[in-house]
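Trainee: Here it is, the structure, as C-alpha cells.
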Amino acid sequence: MITIDEITIIRDGREIIYDYSEQIPAGSITVIVGPNGSGKSTLLAAIAGDIAPDKGTITIDDHHPILTSASTLAGIRAMAVQNQSFVLGFTVREVVEMGGNSAEVLEALELSELADRLVTTLSGGEAQRVAIAQAIAQGTPVLLLDEPLASQDIYSRRKIIELLQQRAESGTTVVVVAHSSETELTWADKVVNQFH
Amino acid sequence: MKKSLPFIFLSCAFFISLSIGATQIADFWTALINPGSNEILWQIRVPRVTAAVIVGAALGVAGLLAQGACNNAVAEPAILGTSAGAAFGAVLAISVGLVEVGTVGAIFCGTLGALLATSLTFKLAALRGALSSFTLIIVGIAVSAIFTSFVGIASAMASRAEARSISFWSFGSLALITSENLIGVSITTTIGVAIAWRIAPFLDRLSLGDATAFHLGTDVSRIRLLALIGLSIAAGGAVSTVGSIAFIGLAAPHIARFIYGPSHRQLVVHSAVIGALIVVVADTVSRTIAQPNELPIGLATALLGAPVLIALVAVKNNVWRTQ
C-alpha cells in the first residue's frame, strides 16, 4: 500500500502539487493521468524518493522513501524514467541485468533479439522498453513507470500492459503515469485523474 | 589475446625504454639481471621508466574516474582543475619551504591541492541546483585556469630552484625521478586504483543518469565523492611528482573503452595499462628524439595519444554517445 498524505510540492517557486492525498492499493495497477505539466511525473518521482514533498508524507508500507537509503529503497520500488538516455555502449542485456535477472523479462518484452545490441543504437521506443525491462528485473513489490506507453506501437503497448497485469496479479503494486489519450484505460484497476 | 595485448606492448615498451637513451648500456640484459651493476641503468633508467608506468596508470585511472563521475566524455583531471590544483599545492608548499621537492610531503600537498581544486569545481558547478555535466566542464576549465595562473605566479616568485619551472608544471618531466618519488606516487596510485575498482560497478549505473542510478540503489552523492577523492589522490600524486602530463587522463580511458567496452571494472585495469603504455613510449621518445636535449613529455603524449584517439573515433564511434 502506498499512502500519500496531504503532500505539497513546490518546484522553482511554482506549486506543482497542493495538499494532495491518495491511497494506492497493493497488488493493483493504478494509472495517473493528466495533461503535460500537471504534476504526474513529479508525484511519481516523490513516491520513488527522488524528491521530498515540501509538506505532507508519502509511505510505501512502513517506509518513508525520502528517509530510506538508496540500497534499501532499490529493494522496495523500481522505477523506469521517461526518455531514458544511454551514453555508454552497454548491451541491452547488460543494462537490464543492472536491475536483476534478465532472461524472463527480455523475452516477455520481446527484447531477446536485441539483447546483444548496444543500447546507444536503439530507437526511442526500444530504449524505453529496455528501461521498463530493467525496472521489472529489479523484482520489487512496487513498480513505478513514467509514460511507459508513450513511444510504443500498438503491439508493444499490448505486450507491456499484459506484463504489468501479470505482475499485479502476482502481488506487485504498479503505478503508471500516462496520457489518457494514449490508450483506453480498461486495463487499470484504478485511474487517478486529479492532475488537471 | 585482445585482453593481453596492451600488457604485452607495455612489457616490450618497458624493456626497450630501459635499453635506449643518451648513453649506450653495454651488455644490457646482463646488467638488467644484476641489480646495481650499471649505475645509469639502475640509478636513472629503472626509477624513471618505473615512474612512467606508475604515473601513466595513475593518470589513466584518474581520467576514468573523472569521466565516470561526471558522466561526460571530455572530463579529465586537467579539465576539472585537478591537475592545476595538484601543481599549485606542490609548488606553493615547496616555495615556502614547507616540504622538499620529490618527497612524500610534496605529494601530500599536491594531493591536497588537487582535492581542493576538484571540490571547488564540483561545489561551484552545483551552486544552482543539480549538477550538470556542461556546467561542470565550464566551471572546471575556469578553476583550472585560475590555479594554473597561481602556479605561474608561485613559480615566478619562488627563489628556490626546487620549485622548478613553469614548463615542468605545465608539460611535465620524468627527468628528476628518484627512488623516494616512486614510493610516494606508488602509494597514491594504489589508493586511486583501489577506490576506482571498488566503485566501478556503481559508475556503470551512473552512466544511465543520476535518477536511474539512484533507482538501482546507488548513493549517487557518495559515489561521486569517492570518485572525486580517488581521482584527486591518483592525479595529485602523479602531478606533484612529474608535473602535468597532458592527454593521458582523456585518451587512456577512451582508447580502453573503444577496445574493451564500457564496463568500468575492466576499464580500471585497461585504462591503467594503456595510460602506462602511452607515458612509457612518450617518455622514451621525449628523451631520445632530440638528443642531447629532452622534450617536455606532455608534448610527446599529446602527439602520440591524439592520433590514436582520432583514428578510433573515426573507425568506431558508438561507444560513447553524446546527446
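Naming works like this for the C-alpha cells: A, B, ... for the chains as they're shown, residue 1 at the start of each chain, ligands 1 onward in shown order.
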Once you count only C-alpha atoms, which residues of chain B turn out to be within 12 Å of chain A? Could you give them as a ChimeraX atom specification?

Mentor: /B:67-68,70-73,128-130,201-223,254,257-264,316-323

Trainee: Write out as number ranges by chain which residues come within 8 Å of range 13-27 of chain A when counting only C-alpha atoms, dropping same-chain ones fewer than 6 positions away.

Mentor: A: 1-7, 38-39, 42-43, 55-56, 168-174

Trainee: Neighbours of Phe147 in chain B within 8 Å (only C-alpha atoms; same-chain residues fewer than 2 positions away dropped), as a VMD selection string?

Mentor: chain B and resid 81 84 to 85 88 117 143 to 145 149 to 151

Trainee: Once DSSP has gone over the backbone, tell me which residues of chain A are in strand (DSSP E), as a PyMOL selection string.

Mentor: chain A and resi 2-11+14-24+29-33+55-60+77-80+142-146+173-178+190-192

Trainee: If we count only C-alpha atoms, what is near Leu112 in chain B at a cut-off of 9 Å, once residues fewer than 5 positions away on the same chain are taken out, given as a list in words?

Mentor: Gly85, Ala86, Gly89, Ala90, Ile107, Ala117, Ser232, Ile233 and Gly236 of chain B

Trainee: Just the residues within 7 Å of range 43-57 of chain B, please, counting only C-alpha atoms, with nothing from its chain fewer than 2 positions along; format it as a VMD selection string.

Mentor: chain B and resid 14 17 to 18 39 to 41 59 to 61 174 177 to 179 182 186 189 238 248 271 to 273 275 to 277 279 to 280

Trainee: Save out the residues we just selected, N, CA and C atoms, as a short mmCIF file (atom, residue, chain, number, x, y, z; two decimals), in the first residue's frame.

Mentor:
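Okay, result_22.cif is ready:
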data_model
loop_
_atom_site.label_atom_id
_atom_site.label_comp_id
_atom_site.auth_asym_id
_atom_site.auth_seq_id
_atom_site.Cartn_x
_atom_site.Cartn_y
_atom_site.Cartn_z
N PHE B 14 58.55 -1.23 -21.93
CA PHE B 14 59.31 -1.07 -20.69
C PHE B 14 60.78 -1.43 -20.91
N SER B 17 62.52 0.88 -23.47
CA SER B 17 62.79 2.18 -22.85
C SER B 17 64.00 2.12 -21.92
N LEU B 18 64.13 0.99 -21.22
CA LEU B 18 65.30 0.82 -20.34
C LEU B 18 66.59 0.73 -21.15
N GLU B 39 75.27 1.77 -13.17
CA GLU B 39 74.70 2.93 -12.47
C GLU B 39 73.61 3.64 -13.29
N ILE B 40 73.89 3.84 -14.58
CA ILE B 40 72.90 4.55 -15.41
C ILE B 40 71.59 3.77 -15.48
N LEU B 41 71.73 2.47 -15.65
CA LEU B 41 70.53 1.63 -15.74
C LEU B 41 69.76 1.64 -14.42
N LEU B 59 47.24 8.44 -14.05
CA LEU B 59 46.51 9.42 -14.85
C LEU B 59 45.39 8.75 -15.66
N GLY B 60 45.65 7.54 -16.15
CA GLY B 60 44.63 6.79 -16.89
C GLY B 60 43.41 6.52 -16.00
N VAL B 61 43.67 6.06 -14.78
CA VAL B 61 42.57 5.74 -13.85
C VAL B 61 41.89 7.03 -13.37
N LEU B 174 59.99 13.53 -16.44
CA LEU B 174 60.37 12.43 -15.55
C LEU B 174 61.87 12.44 -15.28
N ILE B 177 63.27 12.05 -11.44
CA ILE B 177 62.68 10.99 -10.60
C ILE B 177 63.74 10.34 -9.71
N THR B 178 63.37 10.13 -8.46
CA THR B 178 64.24 9.39 -7.54
C THR B 178 63.47 8.20 -6.96
N SER B 179 64.19 7.37 -6.24
CA SER B 179 63.52 6.21 -5.63
C SER B 179 62.47 6.65 -4.62
N LEU B 182 59.19 7.40 -6.12
CA LEU B 182 58.45 6.19 -6.51
C LEU B 182 57.58 5.68 -5.37
N SER B 186 53.62 5.64 -5.80
CA SER B 186 53.07 4.27 -5.80
C SER B 186 51.92 4.18 -4.82
N THR B 189 48.89 6.12 -6.20
CA THR B 189 48.31 5.40 -7.34
C THR B 189 47.53 4.18 -6.87
N ALA B 238 50.51 11.97 -8.97
CA ALA B 238 51.26 11.95 -10.23
C ALA B 238 51.76 13.35 -10.60
N ILE B 248 46.74 12.11 -21.11
CA ILE B 248 46.61 10.71 -20.68
C ILE B 248 45.24 10.46 -20.06
N SER B 271 42.59 1.02 -18.56
CA SER B 271 42.97 2.44 -18.59
C SER B 271 44.35 2.61 -17.96
N ALA B 272 44.58 1.87 -16.88
CA ALA B 272 45.89 1.95 -16.21
C ALA B 272 47.00 1.46 -17.14
N VAL B 273 46.76 0.33 -17.78
CA VAL B 273 47.81 -0.25 -18.64
C VAL B 273 48.05 0.63 -19.87
N GLY B 275 47.35 3.86 -20.17
CA GLY B 275 47.97 5.09 -19.68
C GLY B 275 49.46 4.89 -19.47
N ALA B 276 49.81 3.79 -18.85
CA ALA B 276 51.23 3.48 -18.59
C ALA B 276 51.98 3.33 -19.91
N LEU B 277 51.36 2.63 -20.86
CA LEU B 277 52.00 2.40 -22.16
C LEU B 277 52.28 3.73 -22.87
N VAL B 279 52.63 6.74 -21.57
CA VAL B 279 53.66 7.54 -20.89
C VAL B 279 55.05 6.94 -21.10
N VAL B 280 55.17 5.62 -21.05
CA VAL B 280 56.49 5.00 -21.25
C VAL B 280 57.01 5.32 -22.66
#

Trainee: Give me, as a list of chain:residue names, all polymer residues having an atom no more than 8 Å from Trp169 in chain B, counting only C-alpha atoms and skipping those fewer than 5 positions away in the same chain.

Mentor: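 What passes the distance filter is B:Ala87, B:Val151, B:Arg164, B:Val239, B:Val242, B:Gly243, B:Ser244.
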
Trainee: Please identify all polymer residues within 8 Å of Ala66 in chain B, counting only C-alpha atoms, omitting same-chain residues fewer than 6 positions from it, and present them as an MDAnalysis selection string.

Mentor: chainID B and resid 75:77 80 227:228 231

Trainee: Using C-alpha atoms, can you write the selected residues to a file as a CSV table (one decimal), in the first residue's frame?

Mentor:
chain,number,residue,atom,x,y,z
B,75,ALA,CA,36.1,15.1,-18.3
B,76,GLU,CA,39.6,14.5,-17.2
B,77,PRO,CA,41.9,15.8,-14.4
B,80,LEU,CA,38.3,19.6,-13.8
B,227,ALA,CA,35.4,9.2,-7.3
B,228,LEU,CA,36.4,12.8,-6.6
B,231,LEU,CA,40.9,11.0,-8.9

Trainee: Go through B:Pro307, B:Trp197, B:Ala78, B:Gly105 one by one, measure the shortest atom-to-atom distance of each to Thr148 in chain B using only C-alpha atoms, and give the residue with the smallest value.

Mentor: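 Among B:Pro307, B:Trp197, B:Ala78, B:Gly105, it is B:Ala78 that comes nearest to Thr148 in chain B.
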